[in-house]
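Peer 1: Let me give you the structure first, and then I'll get to my questions.
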Amino acid sequence: MVSTRFNDPVKPLPPKPSRYGPLPESIEARSSDLGQMVSIRVQDLFPDFLASIYPSDAGVKVIREATERALERIDMSMIGPGDSVNILGSHHGFTILGGEPYAEMLKATKDAIVERTGTDDIRLRAGVGLRFRESDEYIQRFGLDEYFGGKAKGVAPIDEGIPIQTEIGTLYGIKRCYDADWIVHAHNSDVREIHFHRHVDRAVKPFGMSYARLETRSTYHHNLGPRGANFAARAIFNSDLVQKKWTFATFLKPTPAGVAGVDADNNLFSLDERLSIDNFRYYGKILTLLGRIDDCIAILDFQAPIPYVFSAGMIFANFSASSVDIFDLDYPLPGYTWYTESFYGRDEKPLISDVAPMNPAIKAIIINYAWGGYPSVFWAKMIPTIVVGESQADVFRRDPQNVEFMKHALVAEDLGTAVEMAIRITGTDKLIAFDGAPGALNVSESLASHLVSEAPKVDEEVDAELLPKWCRQRGITVAE
Amino acid sequence: MRVINMFAEVDPEKCTACRTCERVCPTLSIKVGREKGAKKAVVDLSTCVGCGACSERCEFGAVSLRDLATPRVIRVDPNLVDRQMITDLCSKARLHPEQVLCFCTGTRAEEVAAAIIQGASSPEEVSREVGARTGCKVECFQPILRLLVAAGKDPKPVEGGWQWYGLTPTVWDIPESVVAKYSSRGFYFEEDRALFKKLLETKTEGGDNGVH
């Protein structure tokens with residue numbers, strides 16, 4: 001059935017080989033192949049969104065040009081010839097639009113440092129989440145080891161550590177991140193785990209996660225509270241160790257519509273304020289709109305673990321958390337964070353009334369394609385879950401972080417059957433694909449109509465009420 | 001509770017005896033020793049839980065996970081341990097007994113507390129007995145250490161190992177000057193303290209809670 005009102009579905013990226021996912025050839029169909037799917041361009045929903053520079057016909061060279069322009073105003077005078085420099089990066093950047101723009105930003109940053117400082121001892125240290133070889137896979141895929149002269153490494157939170165004295169006590173970093181004279185912070189600005197960091201110091205967060213040892217990450221997720229957690233990152237960033245090595249930050253700027261550009265600054269907090277306002281405006285609108293969905297079936301169909309598959313730039317974990325406004329710090333607990341999960345008792349019910357439920361609009365989850373390497377049983381326990389095919393089911397059965405996942409999920413032989421079954425069980429025909437389609441949402445026509453009718457109201461509400469509130473809560477002043 | 005369905009297997013042809021696997025194993029089940037005269041990593045299958053740390057960090061691809069023919073379960077039953085002792089220990093560590101500590105295994109504070117009361121005195125022993133810290137190995141570490149310290153144990157990191165380094169601050173330890181300085185910047189420490197306090201004071205159906 002071809003819609004006369006909406007565009008054809010956007011084709012997602014083909015599956016990638018990875019030790020964390022099923023073999024690409026085992027993925028027989030994609031959600032965009034389903035007859036009832038259409039797409040809506042993000043900029044058709046919100047016309048004020050920034051124009052994207054990528055993807056475009058010009059390819060990845062626009063990212064190099066944007067990086068060079070952003071770095072022109074950066075002071076690199078602290079780096080001398082012969083000094084060693086660690087460019088600190090993260091696996092997350094490589095999940096954005098296939099990873100090529102982030103890889104290009106890393107390469108362009110290296111080249112700029114070589115040209116401006118006269119040193120060529122530049123290393124890449126790319127952090128990971130809970131899939132400890134993921135960055136190594138990207139380093140290989142994008143030829144980064146060769147580009148960095150054999151000095152590109154994935155670093156993991158179980159690698160050798162280094163104590164870092166901070167204003168709240170000792171925290172721990174990954175030694176390899178700090179084994180150079182200078183550090184450069186090369187990240188991306190998407191909101192990603194906003195349900196965890198609540199967009200407080202987003203740009204600083206990787207110091208408490210991507211470059212940090214497990215002790216610090218455990219502090220973040222258990223010790224400091226759902227709205228104080230990211231202070232671990234600020235404490236590390238403010239430490240003498242980091243400040244003595246600090247140079248500048250380079251950030252890829254994705255929005256729900258694509259990559260808007262590259263930003264850079266010697267002052268990380270100034271950069272953080274700029275990207276926060278942009279993120280509230282763009283991701284804030286998309287997430288608020290997704291929060292207006294009354295009922296749906298979510299189809300996960302992307303090369304990432306369950307929480308990190310995304311639709312219009314929003315990861316699935318955020319959608320599951322959005323039973324309350326995640327950006328609003330007055331809410332202590334979104335519908336999903338590890339604090340939320342840890343507050344469920346033996347009877348699988350919340351221990352206290354402040355715990356928001358996982359987004360009740362999600363009536364069922366279909367997992368057509370996703371990776372392991374993130375503890376995800378909570379989703380299967382909270383929401384009826386159908387996994388497509390035995391290969392995908394085996395990913396979870398053989399994942400030490402998800403040994404019991406399939407105890408709570410059903411297996412369907414193919415995607416079409418899974419969708420039919422989910423529609424029959426839930427009574428809704430609204431489908432939303434978390435397939436990473438660039439700049440668009442792939443949804444069923446019924447859901448597309450709903451989103452189009454809600455978008456103008458959301459646009460106005462975010463601009464007039466929510467964005468000023470989110471900024472005020474974080475002490476951010478918005479210029480008139 | 002942890003279902004164990006895999007184990008680590010070393011390919012001696014690829015092993016360089018670099019000791020990375022030994023340094024990251026959360027149950028101390030892999031050692032580099034002499035095998036037929038050569039130094040190689042050797043797995044103790046009686047304690048290996050198949051968490052994959054060794055396989056994930058081996059730069060030489062020398063360690064793989066294999067399916068266990070018959071999966072087994074490790075757990076400590078909190079119902080077999082004095083409830084008051086569990087409640088008191090959790091309270092001291094500022095954790096609710098039913099609070100989930102390990103998201104990979106669903107292990108609750110009460111099970112870790114029970115293991116400690118029964119004699120576990122290090123994070124490694126806790127991992128061997130209840131399986132917590134054998135999935136991602138990252139997130140559950142601090143509450144386990146908090147419970148051990150609250151029980152009066154004095155665990156020391158494995159010498160030369162990277163399994164863990166030390167205890168880190170909680171929201172209760174943050175100086176008031178820091179709380180005041182950053183409250184207008186979005187760090188809601190006081191409100192989060194109140195949230196934790198409410199959790200700790202919450203009684204469950206059996207009348208159990210974390211505060212006395």
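How things are named: the first chain in the structure tokens is A, the next is B, and so on; residues count from 1 in each chain; ligands count from 1 in the order shown.
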Find the residues in chain A near chain B: any atom within 7 Å counts, using only C-alpha atoms. Write them as a PyMOL selection string.

Peer 2: chain A and resi 130+132-133+158-161+168-171+200+214-215+217-219+221+223-228+342-346+351-352+375+400-403+473-475

Peer 1: Take the residues that were just selected and, keeping N, CA, C and O atoms, output them as a short mmCIF file (atom, residue, chain, number, x, y, z; two decimals), in the first residue's frame.

Peer 2:
```cif
data_model
loop_
_atom_site.label_atom_id
_atom_site.label_comp_id
_atom_site.auth_asym_id
_atom_site.auth_seq_id
_atom_site.Cartn_x
_atom_site.Cartn_y
_atom_site.Cartn_z
N LEU A 130 29.41 -1.00 27.55
CA LEU A 130 29.58 -2.30 28.20
C LEU A 130 29.95 -3.37 27.19
O LEU A 130 29.90 -4.56 27.50
N PHE A 132 33.14 -4.28 25.41
CA PHE A 132 34.50 -3.79 25.60
C PHE A 132 35.37 -3.80 24.35
O PHE A 132 36.47 -3.27 24.35
N ARG A 133 34.92 -4.44 23.29
CA ARG A 133 35.71 -4.40 22.05
C ARG A 133 35.02 -3.59 20.96
O ARG A 133 35.45 -3.57 19.81
N ILE A 158 37.30 -1.79 32.48
CA ILE A 158 38.01 -2.79 33.31
C ILE A 158 39.51 -2.78 33.00
O ILE A 158 40.25 -3.63 33.49
N ASP A 159 39.96 -1.82 32.20
CA ASP A 159 41.39 -1.70 31.93
C ASP A 159 42.10 -1.08 33.15
O ASP A 159 41.46 -0.58 34.07
N GLU A 160 43.43 -1.08 33.09
CA GLU A 160 44.20 -0.55 34.20
C GLU A 160 43.72 0.86 34.56
O GLU A 160 43.48 1.70 33.68
N GLY A 161 43.62 1.13 35.86
CA GLY A 161 43.05 2.40 36.30
C GLY A 161 44.06 3.37 36.87
O GLY A 161 45.23 3.04 37.08
N ILE A 168 35.09 15.78 45.66
CA ILE A 168 34.21 14.94 46.48
C ILE A 168 34.91 13.65 46.92
O ILE A 168 34.30 12.78 47.52
N GLY A 169 36.18 13.51 46.62
CA GLY A 169 36.92 12.32 47.02
C GLY A 169 37.57 11.65 45.82
O GLY A 169 37.59 12.20 44.71
N THR A 170 38.10 10.45 46.03
CA THR A 170 38.84 9.77 44.98
C THR A 170 37.88 9.08 44.00
O THR A 170 36.98 8.35 44.41
N LEU A 171 38.08 9.35 42.72
CA LEU A 171 37.39 8.62 41.67
C LEU A 171 38.48 8.00 40.80
O LEU A 171 39.67 8.22 41.03
N VAL A 200 22.38 17.43 32.37
CA VAL A 200 23.13 18.31 33.27
C VAL A 200 24.59 18.06 32.92
O VAL A 200 25.10 16.95 33.11
N LEU A 214 35.41 1.45 36.11
CA LEU A 214 34.14 0.92 36.61
C LEU A 214 33.75 1.51 37.96
O LEU A 214 32.55 1.67 38.24
N GLU A 215 34.75 1.84 38.80
CA GLU A 215 34.40 2.40 40.13
C GLU A 215 33.58 3.69 39.96
O GLU A 215 32.60 3.91 40.67
N ARG A 217 31.92 4.66 37.27
CA ARG A 217 30.65 4.41 36.59
C ARG A 217 29.63 3.82 37.56
O ARG A 217 28.43 4.11 37.49
N SER A 218 30.10 3.00 38.47
CA SER A 218 29.21 2.45 39.49
C SER A 218 28.76 3.56 40.44
O SER A 218 27.61 3.57 40.92
N THR A 219 29.66 4.51 40.71
CA THR A 219 29.30 5.67 41.55
C THR A 219 28.15 6.42 40.88
O THR A 219 27.17 6.81 41.52
N HIS A 221 25.94 5.36 38.75
CA HIS A 221 24.67 4.65 38.64
C HIS A 221 24.08 4.16 39.96
O HIS A 221 22.96 3.66 39.98
N ASN A 223 25.50 5.61 43.44
CA ASN A 223 25.86 6.35 44.65
C ASN A 223 25.34 7.78 44.72
O ASN A 223 25.16 8.30 45.81
N LEU A 224 25.16 8.45 43.58
CA LEU A 224 24.95 9.89 43.62
C LEU A 224 23.52 10.33 43.38
O LEU A 224 23.21 11.51 43.52
N GLY A 225 22.64 9.44 42.99
CA GLY A 225 21.24 9.82 42.79
C GLY A 225 20.94 10.17 41.35
O GLY A 225 21.83 10.55 40.59
N PRO A 226 19.65 10.06 40.98
CA PRO A 226 19.28 10.21 39.57
C PRO A 226 19.49 11.61 39.00
O PRO A 226 19.57 11.79 37.80
N ARG A 227 19.57 12.63 39.89
CA ARG A 227 19.80 13.97 39.37
C ARG A 227 21.16 14.52 39.78
O ARG A 227 21.54 15.62 39.37
N GLY A 228 21.88 13.78 40.57
CA GLY A 228 23.22 14.22 40.98
C GLY A 228 24.31 13.42 40.32
O GLY A 228 25.51 13.74 40.42
N SER A 342 16.47 -0.12 39.75
CA SER A 342 16.92 -0.65 41.03
C SER A 342 15.86 -0.46 42.13
O SER A 342 15.92 -1.11 43.16
N PHE A 343 14.90 0.45 41.88
CA PHE A 343 13.88 0.72 42.90
C PHE A 343 12.65 -0.18 42.74
O PHE A 343 11.62 0.08 43.34
N TYR A 344 12.75 -1.22 41.92
CA TYR A 344 11.65 -2.20 41.81
C TYR A 344 11.92 -3.35 42.78
O TYR A 344 13.02 -3.89 42.83
N GLY A 345 10.89 -3.72 43.54
CA GLY A 345 11.05 -4.77 44.54
C GLY A 345 10.92 -6.17 43.96
O GLY A 345 10.78 -6.36 42.76
N ARG A 346 10.97 -7.14 44.87
CA ARG A 346 10.91 -8.55 44.50
C ARG A 346 9.65 -8.89 43.70
O ARG A 346 9.64 -9.79 42.88
N LEU A 351 9.15 0.17 44.64
CA LEU A 351 9.16 0.20 46.10
C LEU A 351 8.60 1.50 46.64
O LEU A 351 8.10 1.55 47.77
N ILE A 352 8.72 2.58 45.84
CA ILE A 352 8.18 3.87 46.28
C ILE A 352 7.32 4.48 45.17
O ILE A 352 7.50 4.15 43.99
N PRO A 375 22.59 -4.77 29.84
CA PRO A 375 21.57 -5.52 30.59
C PRO A 375 20.16 -5.01 30.26
O PRO A 375 19.83 -3.88 30.59
N PRO A 400 26.42 -12.60 28.39
CA PRO A 400 26.49 -12.67 29.86
C PRO A 400 25.68 -11.59 30.57
O PRO A 400 25.36 -11.73 31.75
N GLN A 401 25.33 -10.52 29.85
CA GLN A 401 24.53 -9.46 30.47
C GLN A 401 23.02 -9.71 30.30
O GLN A 401 22.20 -8.95 30.83
N ASN A 402 22.67 -10.75 29.56
CA ASN A 402 21.25 -11.00 29.25
C ASN A 402 20.87 -12.47 29.27
O ASN A 402 19.99 -12.89 28.52
N VAL A 403 21.53 -13.22 30.11
CA VAL A 403 21.33 -14.68 30.10
C VAL A 403 19.85 -15.04 30.26
O VAL A 403 19.37 -16.01 29.69
N GLN A 473 16.44 25.55 35.13
CA GLN A 473 16.81 24.53 36.11
C GLN A 473 18.31 24.26 36.13
O GLN A 473 18.84 23.79 37.13
N ARG A 474 18.98 24.56 35.03
CA ARG A 474 20.41 24.29 34.93
C ARG A 474 21.27 25.55 34.99
O ARG A 474 22.47 25.50 34.73
N GLY A 475 20.63 26.67 35.29
CA GLY A 475 21.38 27.92 35.39
C GLY A 475 21.89 28.42 34.06
O GLY A 475 22.91 29.12 33.99
#
```

Peer 1: To test your reading of the structure, identify every residue in stretch 141-240 of chain A that backbone DSSP assigns to strand (DSSP E or B), and report it as a list in words.

Peer 2: Ala152, Lys153, Gly154, Val155, Gly161, Ile162, Pro163, Ile164, Gln165, Thr166, Gly169, Thr170, Leu171, Tyr172, Gly173, Ile174, Trp182, Ile183, Val184, His185, Ala186, His187, Asn188 and Ala212 of chain A

Peer 1: I'd like to know which of A:Met406, A:Ile164, A:Ala126, A:Ile306 is closest to A:Asn238, using only C-alpha atoms.

Peer 2: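 Smallest distance to A:Asn238 is found for A:Ile164.
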
Peer 1: What are the DSSP helix (DSSP H, G or I) residues of stretch 206-397 of chain A, as a VMD selection string?

Peer 2: chain A and resid 206 to 207 214 to 223 231 to 237 240 to 245 268 to 290 306 to 308 316 to 321 338 to 342 377 to 382 390 to 397

Peer 1: Between A:Leu252, A:Val184, A:Cys177, A:Phe94, which one has atoms that come closest to A:Leu144, using only C-alpha atoms?

Peer 2: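 So, comparing all the options, the nearest one is A:Phe94.
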
Peer 1: Any idea what the distance is between atom CA of A:Thr119 and atom CA of A:Val204?

Peer 2: 26.3 Å
